[in-house]
$ cat structure_35.pdb   # PDB, C-alpha atoms, pLDDT in the B column
ATOM      1  CA  MET A   1      -2.544 -21.456  -8.966  1.00 87.00           C
ATOM      2  CA  ARG A   2       0.823 -23.142  -9.269  1.00 92.00           C
ATOM      3  CA  ASN A   3       3.611 -21.584 -11.279  1.00 95.00           C
ATOM      4  CA  ARG A   4       7.158 -22.255 -12.437  1.00 96.00           C
ATOM      5  CA  LEU A   5       8.331 -18.702 -12.000  1.00 96.00           C
ATOM      6  CA  ARG A   6      11.195 -19.424  -9.610  1.00 96.00           C
ATOM      7  CA  GLU A   7      12.431 -22.356 -11.683  1.00 96.00           C
ATOM      8  CA  LEU A   8      12.383 -20.339 -14.920  1.00 97.00           C
ATOM      9  CA  ARG A   9      14.001 -17.324 -13.283  1.00 97.00           C
ATOM     10  CA  GLU A  10      16.789 -19.417 -11.775  1.00 96.00           C
ATOM     11  CA  GLN A  11      17.406 -21.126 -15.104  1.00 96.00           C
ATOM     12  CA  LEU A  12      18.180 -17.707 -16.548  1.00 96.00           C
ATOM     13  CA  GLY A  13      20.276 -16.716 -13.512  1.00 96.00           C
ATOM     14  CA  TRP A  14      18.142 -13.702 -12.721  1.00 95.00           C
ATOM     15  CA  SER A  15      17.575 -12.330  -9.234  1.00 93.00           C
ATOM     16  CA  GLN A  16      14.054 -11.520  -8.118  1.00 94.00           C
ATOM     17  CA  ALA A  17      14.895  -7.838  -8.482  1.00 93.00           C
ATOM     18  CA  ALA A  18      16.100  -8.373 -12.057  1.00 94.00           C
ATOM     19  CA  LEU A  19      12.850 -10.121 -12.967  1.00 96.00           C
ATOM     20  CA  ALA A  20      10.879  -7.399 -11.184  1.00 95.00           C
ATOM     21  CA  GLU A  21      12.666  -4.743 -13.282  1.00 94.00           C
ATOM     22  CA  ARG A  22      11.778  -6.625 -16.466  1.00 95.00           C
ATOM     23  CA  LEU A  23       8.128  -6.958 -15.439  1.00 96.00           C
ATOM     24  CA  ASP A  24       7.926  -3.433 -14.008  1.00 93.00           C
ATOM     25  CA  VAL A  25       6.617  -4.733 -10.688  1.00 95.00           C
ATOM     26  CA  SER A  26       8.090  -4.732  -7.184  1.00 94.00           C
ATOM     27  CA  ARG A  27      10.484  -7.410  -5.950  1.00 93.00           C
ATOM     28  CA  GLN A  28       7.900  -8.143  -3.264  1.00 92.00           C
ATOM     29  CA  THR A  29       5.379  -8.993  -5.981  1.00 95.00           C
ATOM     30  CA  VAL A  30       7.810 -11.388  -7.666  1.00 96.00           C
ATOM     31  CA  ASN A  31       8.396 -13.045  -4.285  1.00 94.00           C
ATOM     32  CA  ALA A  32       4.648 -13.323  -3.593  1.00 94.00           C
ATOM     33  CA  LEU A  33       4.120 -14.836  -7.048  1.00 95.00           C
ATOM     34  CA  GLU A  34       6.912 -17.373  -6.602  1.00 95.00           C
ATOM     35  CA  THR A  35       5.700 -18.472  -3.186  1.00 92.00           C
ATOM     36  CA  GLY A  36       2.138 -18.818  -4.476  1.00 90.00           C
ATOM     37  CA  ARG A  37       0.781 -16.130  -2.148  1.00 90.00           C
ATOM     38  CA  TYR A  38      -0.474 -14.067  -5.041  1.00 92.00           C
ATOM     39  CA  ASP A  39      -2.005 -14.956  -8.381  1.00 93.00           C
ATOM     40  CA  PRO A  40      -1.291 -12.361 -11.075  1.00 95.00           C
ATOM     41  CA  SER A  41      -3.883 -10.572 -13.148  1.00 95.00           C
ATOM     42  CA  LEU A  42      -4.234 -11.757 -16.723  1.00 95.00           C
ATOM     43  CA  PRO A  43      -2.243  -8.794 -18.142  1.00 96.00           C
ATOM     44  CA  LEU A  44       0.637  -9.489 -15.729  1.00 97.00           C
ATOM     45  CA  ALA A  45       0.489 -13.217 -16.480  1.00 97.00           C
ATOM     46  CA  PHE A  46       0.817 -12.394 -20.192  1.00 97.00           C
ATOM     47  CA  ARG A  47       3.739 -10.085 -19.433  1.00 96.00           C
ATOM     48  CA  ILE A  48       5.443 -12.889 -17.494  1.00 97.00           C
ATOM     49  CA  ALA A  49       4.830 -15.302 -20.354  1.00 97.00           C
ATOM     50  CA  GLY A  50       6.306 -12.775 -22.779  1.00 97.00           C
ATOM     51  CA  CYS A  51       9.329 -12.313 -20.559  1.00 96.00           C
ATOM     52  CA  PHE A  52      10.133 -16.036 -20.671  1.00 97.00           C
ATOM     53  CA  ALA A  53       8.897 -16.448 -24.262  1.00 96.00           C
ATOM     54  CA  LEU A  54       6.570 -19.248 -23.183  1.00 97.00           C
ATOM     55  CA  PRO A  55       2.805 -19.715 -23.414  1.00 96.00           C
ATOM     56  CA  ILE A  56       0.959 -18.902 -20.191  1.00 96.00           C
ATOM     57  CA  GLU A  57      -0.110 -22.502 -19.635  1.00 95.00           C
ATOM     58  CA  ARG A  58       3.552 -23.604 -19.560  1.00 96.00           C
ATOM     59  CA  ILE A  59       4.102 -21.296 -16.578  1.00 97.00           C
ATOM     60  CA  PHE A  60       0.806 -21.321 -14.675  1.00 95.00           C
ATOM     61  CA  THR A  61      -1.267 -24.408 -13.892  1.00 93.00           C
ATOM     62  CA  PRO A  62      -4.522 -24.680 -11.971  1.00 89.00           C
ATOM     63  CA  ASP A  63      -4.443 -25.958  -8.429  1.00 83.00           C
ATOM     64  CA  GLU A  64      -7.126 -27.719  -6.382  1.00 78.00           C
ATOM     65  CA  HIS A  65      -6.759 -24.971  -3.748  1.00 76.00           C
ATOM     66  CA  ASP A  66      -7.631 -22.177  -6.201  1.00 77.00           C
ATOM     67  CA  ALA A  67     -10.511 -20.003  -5.023  1.00 72.00           C
ATOM     68  CA  PRO A  68     -13.688 -20.528  -7.050  1.00 75.00           C
ATOM     69  CA  PRO A  69     -14.513 -17.793  -9.608  1.00 72.00           C
ATOM     70  CA  SER A  70     -17.350 -16.641  -7.356  1.00 74.00           C
ATOM     71  CA  GLY A  71     -14.759 -15.714  -4.703  1.00 70.00           C
ATOM     72  CA  GLY A  72     -14.164 -17.044  -1.210  1.00 66.00           C
ATOM     73  CA  ARG A  73     -11.808 -19.826  -0.203  1.00 61.00           C
ATOM     74  CA  ARG A  74     -11.653 -23.477  -1.078  1.00 55.00           C
TER      75      ARG A  74
ATOM     76  CA  MET B  75      26.064 -18.257   0.367  1.00 38.00           C
ATOM     77  CA  PRO B  76      23.087 -15.999  -0.231  1.00 42.00           C
ATOM     78  CA  ARG B  77      20.162 -17.447  -2.090  1.00 46.00           C
ATOM     79  CA  ASP B  78      19.589 -16.140  -5.581  1.00 48.00           C
ATOM     80  CA  GLU B  79      16.352 -14.304  -4.820  1.00 51.00           C
ATOM     81  CA  THR B  80      18.005 -12.222  -2.141  1.00 48.00           C
ATOM     82  CA  SER B  81      21.279 -11.632  -3.926  1.00 55.00           C
ATOM     83  CA  GLY B  82      19.818  -8.724  -5.882  1.00 63.00           C
ATOM     84  CA  PRO B  83      18.760  -5.411  -4.368  1.00 69.00           C
ATOM     85  CA  LYS B  84      15.796  -5.439  -1.984  1.00 79.00           C
ATOM     86  CA  ARG B  85      13.927  -3.032  -4.220  1.00 83.00           C
ATOM     87  CA  THR B  86      14.116  -2.170  -7.886  1.00 88.00           C
ATOM     88  CA  SER B  87      15.196   1.289  -9.008  1.00 89.00           C
ATOM     89  CA  ALA B  88      11.619   2.060 -10.122  1.00 88.00           C
ATOM     90  CA  GLU B  89      10.347   1.067  -6.661  1.00 89.00           C
ATOM     91  CA  ARG B  90      12.870   3.305  -4.953  1.00 90.00           C
ATOM     92  CA  ARG B  91      11.928   6.187  -7.251  1.00 92.00           C
ATOM     93  CA  ARG B  92       8.210   5.713  -6.601  1.00 91.00           C
ATOM     94  CA  SER B  93       8.810   5.390  -2.873  1.00 90.00           C
ATOM     95  CA  ARG B  94      10.924   8.565  -2.723  1.00 94.00           C
ATOM     96  CA  ARG B  95       8.300  10.520  -4.643  1.00 95.00           C
ATOM     97  CA  TYR B  96       5.466   9.269  -2.442  1.00 93.00           C
ATOM     98  CA  THR B  97       7.376   9.977   0.766  1.00 94.00           C
ATOM     99  CA  ALA B  98       8.233  13.505  -0.371  1.00 96.00           C
ATOM    100  CA  GLU B  99       4.664  14.276  -1.464  1.00 96.00           C
ATOM    101  CA  PHE B 100       2.979  12.742   1.574  1.00 94.00           C
ATOM    102  CA  LEU B 101       5.344  14.056   4.206  1.00 95.00           C
ATOM    103  CA  SER B 102       5.399  17.599   2.803  1.00 97.00           C
ATOM    104  CA  GLY B 103       1.623  17.752   3.317  1.00 96.00           C
ATOM    105  CA  MET B 104       1.784  16.234   6.796  1.00 94.00           C
ATOM    106  CA  ALA B 105       4.618  18.550   7.829  1.00 96.00           C
ATOM    107  CA  LEU B 106       2.500  21.534   6.838  1.00 96.00           C
ATOM    108  CA  VAL B 107      -0.451  20.146   8.817  1.00 94.00           C
ATOM    109  CA  VAL B 108       1.698  19.822  11.929  1.00 93.00           C
ATOM    110  CA  LEU B 109       3.167  23.272  11.366  1.00 94.00           C
ATOM    111  CA  LEU B 110      -0.293  24.859  11.106  1.00 92.00           C
ATOM    112  CA  LEU B 111      -1.478  23.010  14.218  1.00 89.00           C
ATOM    113  CA  LEU B 112       1.544  24.090  16.224  1.00 89.00           C
ATOM    114  CA  LEU B 113       1.583  27.716  15.125  1.00 87.00           C
ATOM    115  CA  PRO B 114       0.664  29.962  18.048  1.00 81.00           C
ATOM    116  CA  SER B 115      -2.469  31.475  16.499  1.00 79.00           C
ATOM    117  CA  GLU B 116      -4.176  32.680  19.690  1.00 79.00           C
ATOM    118  CA  PRO B 117      -2.388  36.033  19.914  1.00 79.00           C
ATOM    119  CA  LEU B 118      -3.173  36.737  16.254  1.00 77.00           C
ATOM    120  CA  LEU B 119      -6.773  35.580  16.288  1.00 80.00           C
ATOM    121  CA  ALA B 120      -7.825  36.667  19.760  1.00 80.00           C
ATOM    122  CA  ARG B 121      -9.884  39.562  18.439  1.00 83.00           C
ATOM    123  CA  ALA B 122     -10.554  38.199  14.963  1.00 85.00           C
ATOM    124  CA  PRO B 123     -14.130  37.550  13.804  1.00 89.00           C
ATOM    125  CA  GLN B 124     -15.422  34.023  14.231  1.00 87.00           C
ATOM    126  CA  GLU B 125     -15.395  33.384  10.463  1.00 90.00           C
ATOM    127  CA  LEU B 126     -11.668  34.010  10.378  1.00 89.00           C
ATOM    128  CA  ARG B 127     -11.096  31.795  13.401  1.00 88.00           C
ATOM    129  CA  VAL B 128     -13.039  28.960  11.753  1.00 90.00           C
ATOM    130  CA  LEU B 129     -11.141  29.473   8.507  1.00 91.00           C
ATOM    131  CA  TRP B 130      -7.849  29.246  10.380  1.00 90.00           C
ATOM    132  CA  ALA B 131      -9.022  26.183  12.285  1.00 89.00           C
ATOM    133  CA  VAL B 132      -9.878  24.253   9.113  1.00 93.00           C
ATOM    134  CA  LEU B 133      -6.816  25.453   7.191  1.00 94.00           C
ATOM    135  CA  PRO B 134      -4.846  22.209   7.943  1.00 95.00           C
ATOM    136  CA  LEU B 135      -7.402  20.419   5.791  1.00 96.00           C
ATOM    137  CA  VAL B 136      -5.722  21.872   2.692  1.00 97.00           C
ATOM    138  CA  PRO B 137      -2.316  20.175   3.188  1.00 97.00           C
ATOM    139  CA  LEU B 138      -4.166  17.127   4.529  1.00 95.00           C
ATOM    140  CA  LEU B 139      -5.989  16.910   1.195  1.00 97.00           C
ATOM    141  CA  TRP B 140      -2.617  17.193  -0.534  1.00 97.00           C
ATOM    142  CA  SER B 141      -1.368  14.197   1.492  1.00 95.00           C
ATOM    143  CA  ALA B 142      -4.538  12.245   0.694  1.00 94.00           C
ATOM    144  CA  ALA B 143      -4.006  13.022  -2.996  1.00 96.00           C
ATOM    145  CA  ALA B 144      -0.422  11.768  -2.623  1.00 95.00           C
ATOM    146  CA  VAL B 145      -1.792   8.411  -1.436  1.00 91.00           C
ATOM    147  CA  VAL B 146      -4.119   8.263  -4.453  1.00 93.00           C
ATOM    148  CA  ARG B 147      -1.255   9.164  -6.830  1.00 95.00           C
ATOM    149  CA  HIS B 148       0.909   6.501  -5.167  1.00 93.00           C
ATOM    150  CA  LEU B 149      -1.863   3.943  -5.627  1.00 92.00           C
ATOM    151  CA  ARG B 150      -1.869   4.691  -9.358  1.00 93.00           C
ATOM    152  CA  ARG B 151       1.895   4.256  -9.623  1.00 93.00           C
ATOM    153  CA  VAL B 152       2.411   0.995  -7.704  1.00 94.00           C
ATOM    154  CA  ASP B 153       1.914  -2.488  -9.104  1.00 95.00           C
ATOM    155  CA  GLU B 154      -1.222  -4.590  -8.723  1.00 95.00           C
ATOM    156  CA  LEU B 155      -0.236  -6.507  -5.565  1.00 95.00           C
ATOM    157  CA  GLN B 156       0.925  -3.381  -3.771  1.00 94.00           C
ATOM    158  CA  ARG B 157      -2.258  -1.589  -4.821  1.00 95.00           C
ATOM    159  CA  ARG B 158      -4.333  -4.412  -3.379  1.00 94.00           C
ATOM    160  CA  MET B 159      -2.358  -4.304  -0.138  1.00 94.00           C
ATOM    161  CA  VAL B 160      -2.838  -0.542   0.240  1.00 93.00           C
ATOM    162  CA  VAL B 161      -6.554  -0.764  -0.549  1.00 94.00           C
ATOM    163  CA  ASP B 162      -6.940  -3.650   1.955  1.00 96.00           C
ATOM    164  CA  ALA B 163      -5.103  -1.592   4.573  1.00 96.00           C
ATOM    165  CA  LEU B 164      -7.324   1.430   3.861  1.00 95.00           C
ATOM    166  CA  ALA B 165     -10.367  -0.801   4.320  1.00 97.00           C
ATOM    167  CA  TRP B 166      -9.044  -2.031   7.690  1.00 98.00           C
ATOM    168  CA  GLY B 167      -8.297   1.546   8.731  1.00 97.00           C
ATOM    169  CA  PHE B 168     -11.780   2.655   7.726  1.00 98.00           C
ATOM    170  CA  GLY B 169     -13.327  -0.268   9.610  1.00 98.00           C
ATOM    171  CA  ALA B 170     -11.263   0.475  12.728  1.00 98.00           C
ATOM    172  CA  ALA B 171     -12.285   4.161  12.653  1.00 98.00           C
ATOM    173  CA  MET B 172     -15.946   3.240  12.198  1.00 98.00           C
ATOM    174  CA  MET B 173     -15.808   0.770  15.089  1.00 98.00           C
ATOM    175  CA  ALA B 174     -14.162   3.366  17.308  1.00 97.00           C
ATOM    176  CA  ALA B 175     -16.795   5.980  16.379  1.00 96.00           C
ATOM    177  CA  ILE B 176     -19.686   3.582  16.984  1.00 97.00           C
ATOM    178  CA  GLY B 177     -18.077   2.319  20.187  1.00 96.00           C
ATOM    179  CA  ALA B 178     -17.782   5.873  21.509  1.00 95.00           C
ATOM    180  CA  ALA B 179     -21.389   6.631  20.516  1.00 94.00           C
ATOM    181  CA  LEU B 180     -22.647   3.493  22.285  1.00 96.00           C
ATOM    182  CA  ILE B 181     -20.698   4.317  25.456  1.00 95.00           C
ATOM    183  CA  ARG B 182     -22.126   7.842  25.336  1.00 93.00           C
ATOM    184  CA  SER B 183     -25.647   6.407  24.902  1.00 95.00           C
ATOM    185  CA  ALA B 184     -25.118   4.591  28.213  1.00 95.00           C
ATOM    186  CA  GLY B 185     -24.747   7.975  29.866  1.00 94.00           C
ATOM    187  CA  VAL B 186     -20.982   7.899  30.215  1.00 94.00           C
ATOM    188  CA  ALA B 187     -19.122  11.067  29.245  1.00 91.00           C
ATOM    189  CA  VAL B 188     -16.538  10.135  26.612  1.00 88.00           C
ATOM    190  CA  GLY B 189     -15.237  13.639  25.969  1.00 86.00           C
ATOM    191  CA  ASP B 190     -13.762  14.725  22.640  1.00 85.00           C
ATOM    192  CA  VAL B 191     -13.154  11.421  20.891  1.00 92.00           C
ATOM    193  CA  GLU B 192     -12.519  12.786  17.367  1.00 92.00           C
ATOM    194  CA  TRP B 193      -8.753  12.454  17.638  1.00 90.00           C
ATOM    195  CA  ALA B 194      -9.096   8.989  19.144  1.00 94.00           C
ATOM    196  CA  VAL B 195     -11.238   7.923  16.173  1.00 96.00           C
ATOM    197  CA  PHE B 196      -8.702   9.414  13.751  1.00 93.00           C
ATOM    198  CA  LEU B 197      -5.810   7.726  15.546  1.00 95.00           C
ATOM    199  CA  THR B 198      -7.617   4.371  15.630  1.00 97.00           C
ATOM    200  CA  GLY B 199      -8.197   4.580  11.872  1.00 96.00           C
ATOM    201  CA  MET B 200      -4.575   5.484  11.180  1.00 94.00           C
ATOM    202  CA  LEU B 201      -3.287   2.735  13.478  1.00 97.00           C
ATOM    203  CA  GLY B 202      -5.615   0.226  11.822  1.00 97.00           C
ATOM    204  CA  PHE B 203      -4.303   1.283   8.416  1.00 95.00           C
ATOM    205  CA  ALA B 204      -0.661   1.123   9.514  1.00 95.00           C
ATOM    206  CA  ALA B 205      -1.054  -2.275  11.209  1.00 97.00           C
ATOM    207  CA  ALA B 206      -2.854  -3.791   8.216  1.00 97.00           C
ATOM    208  CA  ALA B 207      -0.277  -2.360   5.776  1.00 94.00           C
ATOM    209  CA  THR B 208       2.597  -3.762   7.852  1.00 95.00           C
ATOM    210  CA  ILE B 209       1.029  -7.216   8.193  1.00 95.00           C
ATOM    211  CA  GLY B 210       0.080  -7.340   4.497  1.00 92.00           C
ATOM    212  CA  SER B 211       3.568  -6.355   3.426  1.00 89.00           C
ATOM    213  CA  ALA B 212       5.203  -8.872   5.770  1.00 90.00           C
ATOM    214  CA  ARG B 213       2.970 -11.657   4.437  1.00 87.00           C
ATOM    215  CA  ALA B 214       3.831 -10.849   0.824  1.00 84.00           C
ATOM    216  CA  SER B 215       7.555 -10.760   1.627  1.00 82.00           C
ATOM    217  CA  ARG B 216       7.684 -14.102   3.464  1.00 79.00           C
TER     218      ARG B 216
END

$ encode --input "structure_35.pdb" --output "structure tokens"
Amino acid sequence: MRNRLRELREQLGWSQAALAERLDVSRQTVNALETGRYDPSLPLAFRIAGCFALPIERIFTPDEHDAPPSGGRR
Amino acid sequence: MPRDETSGPKRTSAERRRSRRYTAEFLSGMALVVLLLLLPSEPLLARAPQELRVLWAVLPLVPLLWSAAAVVRHLRRVDELQRRMVVDALAWGFGAAMMAAIGAALIRSAGVAVGDVEWAVFLTGMLGFAAAATIGSARASR
């Protein structure tokens, strides 16, 4: 999954820690999300969308490397 | 000039709070385990009935359970990525301990005396857990 988290965060001038505080997650999680190493759960994705006041699909977009729903790697 | 993502603190205040609480809970249990193991019990229990000796021997399990409960409580407090990393690390630790136990059993089945391997199995599991937790955390922080 691709996301615009870093771009949106930087637009607002927030540090990763500041965004992490707002989302009630660790800074490490924000970093993993921004670098695409971790895809958030649906509740966290909604929380992120709420934080930036944007619909989820404006932040997260599917990627051809996404694992299939059945699991495994593509 | 530092990049924006690193200009803030390394950890949020909630993370630091959770970490402090976990460390205090976990280490208090482990400290008690070590204390009970190191206590010179022989002079006290030399003439004690076997039941009492067994009870004393398994007494470290109580603070060990406290430490295990601290891990479970920590798992409930951390966020979803950290929870996944800890669970993955626990799985690696479990796998490492199982491999060590089976390895020792297979060596013994070949007629080789392997001695008391319980602590080696425990240590292998803990090392597997620690290594997996460190690698997982480093990957997420890259």

$ interface_residues --input "structure_35.pdb" --of "chain A" --to "chain B" --cutoff "9 Å" --atoms "all atoms listed in the file" --output "list in words"
Arg6, Glu10, Gly13, Trp14, Ser15, Gln16, Ala17, Ala18, Ala20, Glu21, Asp24, Val25, Ser26, Arg27, Gln28, Thr29, Asn31, Ala32, Leu33, Thr35, Arg37, Tyr38, Pro40, Ser41 and Leu44 of chain A

$ axis_aligned_box --input "structure_35.pdb" --around "range 38-49 of chain A" --padding-each-side "4 Å" --output "lines of an AutoDock Vina configuration file"
center_x = 0.6
center_y = -12.0
center_z = -12.7
size_x = 17.7
size_y = 14.5
size_z = 23.3

$ atom_distance --input "structure_35.pdb" --atom1 "CA of Val107 in chain B" --atom2 "CA of Pro134 in chain B"
4.9 Å

$ atom_distance --input "structure_35.pdb" --atom1 "CA of Leu101 in chain B" --atom2 "CA of Leu149 in chain B"
15.8 Å

$ residues_around --input "structure_35.pdb" --residues "Gly50 in chain A" --least-positions-apart "5" --cutoff "12 Å" --atoms "all atoms listed in the file" --output "list in words"
Arg22, Leu23, Pro43, Leu44, Ala45, Pro55, Ile56, Arg58 and Ile59 of chain A

$ resolve_selection --input "structure_35.pdb" --expression "the PyMOL selection byres ((chain B and resi 147) around 12)" --output "list in words"
Arg92, Ser93, Arg95, Tyr96, Thr97, Glu99, Phe100, Trp140, Ser141, Ala142, Ala143, Ala144, Val145, Val146, His148, Leu149, Arg150, Arg151, Val152 and Arg157 of chain B

$ residues_around --input "structure_35.pdb" --residues "Gly169 in chain B" --least-positions-apart "5" --cutoff "9 Å" --atoms "only C-alpha atoms" --output "list in words"
Leu164, Ala174, Gly199 and Gly202 of chain B

$ write_last_selection --input "structure_35.pdb" --atoms "C-alpha atoms" --output "PDB file, keeping the file's coordinate frame"
ATOM      1  CA  LEU B 164      -7.324   1.430   3.861  1.00 95.00           C
ATOM      2  CA  ALA B 174     -14.162   3.366  17.308  1.00 97.00           C
ATOM      3  CA  GLY B 199      -8.197   4.580  11.872  1.00 96.00           C
ATOM      4  CA  GLY B 202      -5.615   0.226  11.822  1.00 97.00           C
TER       5      GLY B 202
END

$ atom_distance --input "structure_35.pdb" --atom1 "CA of Glu192 in chain B" --atom2 "CA of Leu135 in chain B"
14.8 Å

$ residues_around --input "structure_35.pdb" --residues "range 108-125 of chain B" --least-positions-apart "4" --cutoff "10 Å" --atoms "all atoms listed in the file" --output "number ranges by chain"
B: 103-104, 129-135, 137-138

$ closest_residue --input "structure_35.pdb" --among "B:Val128, B:Val191, B:Leu139, B:Leu201" --to "Gly177 in chain B" --atoms "all atoms listed in the file"
B:Val191

$ resolve_selection --input "structure_35.pdb" --expression "the PyMOL selection byres ((chain A and resi 1-5) around 8)" --output "number ranges by chain"
A: 6-9, 33-34, 36, 39, 59-63, 65-66

$ build_atoms --input "structure_35.pdb" --residues "range 188-196 of chain B" --atoms "all heavy atoms" --output "short mmCIF file (atom, residue, chain, number, x, y, z; two decimals), in the coordinates of the input"
data_model
loop_
_atom_site.label_atom_id
_atom_site.label_comp_id
_atom_site.auth_asym_id
_atom_site.auth_seq_id
_atom_site.Cartn_x
_atom_site.Cartn_y
_atom_site.Cartn_z
N VAL B 188 -17.75 10.63 27.30
CA VAL B 188 -16.54 10.14 26.61
C VAL B 188 -15.64 11.28 26.15
O VAL B 188 -14.56 11.04 25.61
CB VAL B 188 -16.88 9.22 25.41
CG1 VAL B 188 -17.40 7.89 25.88
CG2 VAL B 188 -17.86 9.89 24.47
N GLY B 189 -16.08 12.49 26.32
CA GLY B 189 -15.24 13.64 25.97
C GLY B 189 -15.08 13.80 24.47
O GLY B 189 -15.91 13.33 23.69
N ASP B 190 -14.01 14.49 24.07
CA ASP B 190 -13.76 14.72 22.64
C ASP B 190 -13.02 13.52 22.06
O ASP B 190 -11.81 13.37 22.23
CB ASP B 190 -12.92 15.99 22.46
CG ASP B 190 -13.63 17.21 23.06
OD1 ASP B 190 -14.88 17.23 23.02
OD2 ASP B 190 -12.94 18.11 23.57
N VAL B 191 -13.75 12.67 21.37
CA VAL B 191 -13.15 11.42 20.89
C VAL B 191 -12.70 11.51 19.43
O VAL B 191 -12.19 10.52 18.89
CB VAL B 191 -14.13 10.23 21.04
CG1 VAL B 191 -14.35 9.90 22.49
CG2 VAL B 191 -15.43 10.50 20.32
N GLU B 192 -12.84 12.69 18.80
CA GLU B 192 -12.52 12.79 17.37
C GLU B 192 -11.09 12.34 17.07
O GLU B 192 -10.85 11.59 16.12
CB GLU B 192 -12.71 14.22 16.86
CG GLU B 192 -14.14 14.73 16.92
CD GLU B 192 -14.48 15.38 18.25
OE1 GLU B 192 -13.70 15.22 19.22
OE2 GLU B 192 -15.54 16.02 18.34
N TRP B 193 -10.15 12.81 17.90
CA TRP B 193 -8.75 12.45 17.64
C TRP B 193 -8.51 10.98 17.89
O TRP B 193 -7.68 10.36 17.22
CB TRP B 193 -7.81 13.33 18.49
CG TRP B 193 -7.77 14.74 18.00
CD1 TRP B 193 -8.31 15.82 18.61
CD2 TRP B 193 -7.19 15.22 16.77
NE1 TRP B 193 -8.11 16.95 17.85
CE2 TRP B 193 -7.43 16.62 16.71
CE3 TRP B 193 -6.52 14.61 15.72
CZ2 TRP B 193 -7.01 17.41 15.65
CZ3 TRP B 193 -6.09 15.40 14.65
CH2 TRP B 193 -6.34 16.77 14.63
N ALA B 194 -9.25 10.42 18.86
CA ALA B 194 -9.10 8.99 19.14
C ALA B 194 -9.60 8.17 17.95
O ALA B 194 -8.98 7.15 17.57
CB ALA B 194 -9.86 8.62 20.41
N VAL B 195 -10.69 8.62 17.36
CA VAL B 195 -11.24 7.92 16.17
C VAL B 195 -10.24 8.01 15.02
O VAL B 195 -9.93 7.01 14.35
CB VAL B 195 -12.60 8.54 15.76
CG1 VAL B 195 -13.05 8.01 14.41
CG2 VAL B 195 -13.66 8.24 16.82
N PHE B 196 -9.69 9.21 14.82
CA PHE B 196 -8.70 9.41 13.75
C PHE B 196 -7.48 8.51 13.97
O PHE B 196 -7.02 7.81 13.06
CB PHE B 196 -8.28 10.89 13.73
CG PHE B 196 -7.18 11.21 12.77
CD1 PHE B 196 -7.42 11.29 11.40
CD2 PHE B 196 -5.89 11.42 13.22
CE1 PHE B 196 -6.40 11.57 10.51
CE2 PHE B 196 -4.86 11.71 12.33
CZ PHE B 196 -5.12 11.79 10.99
#
